[in-house]
Amino acid sequence: MSLNYIILRNLRKNLKNYYLYVFALVFSVALYFSFVTLQYDPSMDEVAASTKGAAAIGASSVLLIGIVGIFLLYANTIFIKRRSKEIGLFQLIGLTKGRIFGILSAENSILYFGSMAIGVMIGFLASKLVLMILFKILGVDAITKLYFSPMALLQTVIVFTIMYLLIMLMNYIFIKRQNILSLFRVSATSEQQVQKMSFGQMIVGVLGIALIVYGYFVSARLFSGEAMDMQQLMYTMILILFSVILGTYLFYKGSVSFIFNLVRKSKNGYLSIHEVLSLSSIMFRMKSNALLLTIITTVSALAIGMLSLSYISYYSAEAQARESLPEDFSFAQANVKNRFVAELDNNQIPYEEKHREPIYIEIDAHEVMDDMTVGELLFSSVVSDRMVDNIDLKPGEVIFMGYGNVVQQFFSIRGEGPIVLHGLKKTIDQQLIGTTKQGVLPVYYTKGTPVAVVDESVYAELAQDLDSSIQVGEATDYYGVQITDPSHEENAYAIFADLQLKAPSFSQIEFRNNQRSNMGLIMFIVGFLGLTFLITSGCILYFKQMNESEEEKGNYTILRKLGFTQGNLLRGIQIKQLFNFGIPLVVGLSHSYFAVKSGWFFFGTELATPTVIVMIVYTLLYSIFGLLSVWYYKRVIKEAL
């Protein structure tokens, strides 16, 4: 029997266990090659000019290397341990460690470089699709072509060859350090099994849950409590991260076993076969995987959170543009506005003009604001009801406009109550009758505070009693231009862009496009990186289940001989996989939800829809690996008898 025959025979024998590893490797190579190709694709020049797309994609490719590298090294550790008995048998029949290393290296090279070649081909064919997706997200109107980059190929080969050499180094060290006896014991000692719930483990379990809840509580109050400076904010965020990550580790280390032990005690130790196969197994195994599960959960939460925030911003771009800029086009100077409307007239584009003259005062609003003390004054801009459509106030009535999501986090205003307007020499008592998110002035005028809309007579009285020390720079009026026919909006924006008007000049379409371009690129990168991590982490959990199923195969044989059917065992396995894959998923989704909820208002106007969509898609993709593990267990149970 030649060595070549042994190599090919082992490769065919182990291929059924490696198929998911091969898939993950092919996918990783394809995605990396596609990303690197984008850096060198001439079509990216248009994106790079506005969003620094090539640089961002280049940085993301480095992160991709990190994710894939960790996965490949960890997966190799699992597989080399699974083959420890095989390596021991090779030594028993007289093969040297160097010859055994050569056999494993040859097998790995065929599998690895074969997968890499397939991945490069798929990446080349998919690069056009990836570029089309990116252009679609960014709203770039450009023609894409299939482009092959020799530099991208060279970079891919170098990166994955280095990874292969690291894998070979790991294998060499493993074989060199093991003797024949230890090789036959490796798989038997690969998992730490805890047989008794100690008092210390109970404390760890309770502490893990307490730390997670504390982190959630602090994050929920991050921007709703007292105002913090940047240093305090940074320290608070570090505290939240430390609390949640440590709590997650302790949760897997002790909380899961503690909770399931309580369930077992509630049944007085009388467990059904389904509960024995699910609860007991998880209690005794999850502790040994605590660090791995913590990393998977934390990075999953990070990926889901970042993708949710970028999608919130992308999804809310149009609504946020309307909330930030009250009209389609906004100007601070009459002559600049006149140049623009002259071009609209020349092109026969119908429009309406708005003119508002904001003045700046201080308001005593402590009776309607929870975080304001007596004597503290709120700086605010004021306009009259005559300047705002569909609002007609009586003397003594005030409405706060522009009270959007971000403003609400810094100014907690109740809907109604008495307030006092302060002029230079006198004060005017008013009654706040409501608030609205609708904007009436851009942030350029409001300086981040809500706009007070008052009756025309009150406005005139305030205008005669202005405090010049708080007026913002030169007296500037607001000029808005609203396009009355939506079909002409793009033509009007083209005129606005061509004129290159003097700032400050604003456009809703420009605001929306800029936000979609910036956040769309982030969403694209985070989406693909998150997908890569999902696949690699799902594969790792799947490989762990493969190991467990092989270790428990003898138990299944005994249970089948005792009369339990394949269906009896499979139902217990299904519950077990629901916990094995479901617990990290639910904890990761929970972490990401509280992280997103604490600061989503800085990114957009809609929380629920984008976040739910991201979480559902992530859950569905993640569930595939749980189903694959059940399928693998089914095969093991079938072979057990």
# chains A, B, ... in the order shown; residues from 1 in each chain; ligands from 1
>>> residues_around(residues="stretch 347-350 of chain A", least_positions_apart="3", cutoff="10 Å", atoms="only C-alpha atoms", output="list in words")
Val341, Ala342, Glu343, Leu344, Gln482, Ile483, Thr484, Asp485, Pro486, Ser487, His488, Glu489, Asn491, Ala492 and Ile495 of chain A
>>> residues_around(residues="A:Glu327", least_positions_apart="6", cutoff="12 Å", atoms="only C-alpha atoms", output="list of chain:residue names")
A:Ala321, A:Tyr351, A:Glu352, A:Glu353, A:Lys354, A:His355, A:Arg356, A:Val388, A:Asp389, A:Gln438, A:Gly439, A:Val440, A:Leu441, A:Pro442, A:Tyr478, A:Tyr479, A:Gly480, A:Val481, A:Gln482, A:Ile483, A:Thr484, A:Glu489, A:Ser505, A:Phe506, A:Ser507, A:Gln508, A:Ile509, A:Phe511
>>> residues_around(residues="stretch 32-43 of chain A", least_positions_apart="6", cutoff="7 Å", atoms="only C-alpha atoms", output="list of chain:residue names")
A:Ala54, A:Ile57, A:Gly58, A:Ser61, A:Val120, A:Gly123, A:Phe124, A:Ala126, A:Ser127, A:Thr144, A:Tyr147, A:Ser149, A:Ala152, A:Leu153, A:Thr156
>>> write_last_selection(atoms="N, CA and C atoms", output="CSV table (one decimal), in the first residue's frame")
chain,number,residue,atom,x,y,z
A,54,ALA,N,-12.9,52.4,-2.0
A,54,ALA,CA,-11.8,51.5,-2.1
A,54,ALA,C,-11.0,51.3,-0.8
A,57,ILE,N,-13.2,49.4,1.7
A,57,ILE,CA,-13.2,48.0,1.3
A,57,ILE,C,-11.9,47.3,1.6
A,58,GLY,N,-10.8,48.0,1.4
A,58,GLY,CA,-9.5,47.5,1.7
A,58,GLY,C,-9.3,47.2,3.2
A,61,SER,N,-11.3,44.2,4.1
A,61,SER,CA,-10.6,42.9,3.7
A,61,SER,C,-9.6,42.4,4.7
A,120,VAL,N,-11.6,31.2,-5.8
A,120,VAL,CA,-11.2,32.3,-6.7
A,120,VAL,C,-12.0,32.4,-8.0
A,123,GLY,N,-15.3,33.7,-6.9
A,123,GLY,CA,-15.1,35.2,-6.5
A,123,GLY,C,-15.0,36.0,-7.8
A,124,PHE,N,-14.3,35.5,-8.8
A,124,PHE,CA,-14.2,36.3,-10.1
A,124,PHE,C,-15.6,36.4,-10.7
A,126,ALA,N,-18.5,36.2,-9.2
A,126,ALA,CA,-19.4,37.0,-8.3
A,126,ALA,C,-19.0,38.4,-8.2
A,127,SER,N,-17.8,38.8,-8.6
A,127,SER,CA,-17.3,40.2,-8.3
A,127,SER,C,-18.2,41.2,-9.0
A,144,THR,N,-21.4,48.2,-14.9
A,144,THR,CA,-20.4,47.3,-14.4
A,144,THR,C,-20.0,46.3,-15.4
A,147,TYR,N,-14.5,42.1,-14.3
A,147,TYR,CA,-13.1,42.5,-14.4
A,147,TYR,C,-12.2,41.6,-13.6
A,149,SER,N,-8.5,41.0,-11.9
A,149,SER,CA,-7.3,41.7,-11.5
A,149,SER,C,-6.2,40.7,-11.1
A,152,ALA,N,-5.2,41.3,-7.5
A,152,ALA,CA,-6.2,40.7,-6.5
A,152,ALA,C,-5.9,39.2,-6.4
A,153,LEU,N,-5.6,38.6,-7.5
A,153,LEU,CA,-5.3,37.1,-7.4
A,153,LEU,C,-4.0,36.9,-6.6
A,156,THR,N,-4.6,37.4,-2.9
A,156,THR,CA,-5.4,36.3,-2.4
A,156,THR,C,-4.5,35.1,-2.1
>>> select_by_dssp(residues="stretch 300-505 of chain A", states="helix (DSSP H, G or I)", output="VMD selection string")
chain A and resid 300 to 315 317 to 324 334 to 346 385 to 387 405 to 410 443 to 446 456 to 463 468 to 470 486 to 499
>>> atom_distance(atom1="atom CA of A:Asn338", atom2="atom CA of A:Leu499")
11.9 Å
>>> residues_around(residues="A:Ser313", least_positions_apart="5", cutoff="12 Å", atoms="only C-alpha atoms", output="count of residues only")
33
>>> atom_distance(atom1="atom CA of A:Val458", atom2="atom CA of A:Pro504")
28.8 Å
>>> select_by_dssp(residues="stretch 466-587 of chain A", states="strand (DSSP E or B)", output="count of residues only")
9
>>> residues_around(residues="A:Tyr360", least_positions_apart="3", cutoff="10 Å", atoms="only C-alpha atoms", output="list of chain:residue names")
A:Ile363, A:Phe379, A:Ser380, A:Ser381, A:Val382, A:Val383, A:His422, A:Gly423, A:Tyr445, A:Thr446, A:Val451, A:Ala452, A:Leu462, A:Ala463, A:Leu466, A:Asp467, A:Ser468, A:Ser469, A:Ile470, A:Gln471, A:Val472
>>> write_last_selection(atoms="N, CA and C atoms", output="tab-separated table (two decimals), in the first residue's frame")
chain	number	residue	atom	x	y	z
A	363	ILE	N	-35.55	80.94	27.21
A	363	ILE	CA	-36.87	80.53	27.72
A	363	ILE	C	-36.69	79.83	29.07
A	379	PHE	N	-31.82	78.19	25.52
A	379	PHE	CA	-31.62	79.00	24.32
A	379	PHE	C	-32.49	78.43	23.20
A	380	SER	N	-33.22	79.30	22.49
A	380	SER	CA	-34.14	78.81	21.46
A	380	SER	C	-34.34	79.87	20.39
A	381	SER	N	-34.62	79.39	19.17
A	381	SER	CA	-35.02	80.28	18.08
A	381	SER	C	-36.55	80.37	18.08
A	382	VAL	N	-37.06	81.52	17.62
A	382	VAL	CA	-38.50	81.79	17.65
A	382	VAL	C	-38.95	82.27	16.28
A	383	VAL	N	-40.09	81.74	15.81
A	383	VAL	CA	-40.74	82.25	14.60
A	383	VAL	C	-42.22	82.45	14.91
A	422	HIS	N	-37.99	85.19	27.65
A	422	HIS	CA	-37.17	86.28	28.17
A	422	HIS	C	-36.64	87.15	27.04
A	423	GLY	N	-37.03	88.44	27.05
A	423	GLY	CA	-36.43	89.40	26.15
A	423	GLY	C	-35.28	90.11	26.85
A	445	TYR	N	-29.84	76.96	11.87
A	445	TYR	CA	-30.51	78.06	12.59
A	445	TYR	C	-30.83	77.68	14.03
A	446	THR	N	-31.22	76.42	14.26
A	446	THR	CA	-31.74	76.03	15.58
A	446	THR	C	-30.64	75.71	16.58
A	451	VAL	N	-37.62	74.69	18.08
A	451	VAL	CA	-38.02	76.03	17.65
A	451	VAL	C	-39.36	76.38	18.29
A	452	ALA	N	-39.43	77.54	18.91
A	452	ALA	CA	-40.68	78.00	19.53
A	452	ALA	C	-41.49	78.78	18.51
A	462	LEU	N	-41.46	90.44	20.96
A	462	LEU	CA	-40.11	89.95	21.24
A	462	LEU	C	-39.08	90.59	20.31
A	463	ALA	N	-39.48	90.83	19.07
A	463	ALA	CA	-38.55	91.42	18.09
A	463	ALA	C	-38.14	92.84	18.49
A	466	LEU	N	-35.05	92.51	21.71
A	466	LEU	CA	-34.04	91.47	21.52
A	466	LEU	C	-32.78	91.75	22.34
A	467	ASP	N	-32.21	90.67	22.84
A	467	ASP	CA	-30.92	90.73	23.50
A	467	ASP	C	-29.84	90.47	22.45
A	468	SER	N	-29.13	91.50	22.04
A	468	SER	CA	-28.17	91.37	20.94
A	468	SER	C	-27.02	90.41	21.26
A	469	SER	N	-26.76	90.18	22.55
A	469	SER	CA	-25.63	89.33	22.92
A	469	SER	C	-25.87	87.85	22.59
A	470	ILE	N	-27.14	87.45	22.42
A	470	ILE	CA	-27.41	86.03	22.14
A	470	ILE	C	-27.87	85.81	20.70
A	471	GLN	N	-27.92	86.87	19.89
A	471	GLN	CA	-28.25	86.68	18.48
A	471	GLN	C	-27.06	86.00	17.80
A	472	VAL	N	-27.34	85.02	16.96
A	472	VAL	CA	-26.31	84.18	16.36
A	472	VAL	C	-25.70	84.88	15.15
>>> atom_distance(atom1="atom CA of A:Ser623", atom2="atom CA of A:Val26")
20.5 Å
>>> closest_residue(among="A:Gln500, A:Thr427, A:Gly69, A:Val617", to="A:Ile162", atoms="only C-alpha atoms")
A:Gly69
>>> closest_residue(among="A:Ala75, A:Ile175, A:Leu64, A:Ile122", to="A:Phe160", atoms="only C-alpha atoms")
A:Leu64
>>> closest_residue(among="A:Val256, A:Val22, A:Val263, A:Val586", to="A:Asn108", atoms="only C-alpha atoms")
A:Val22
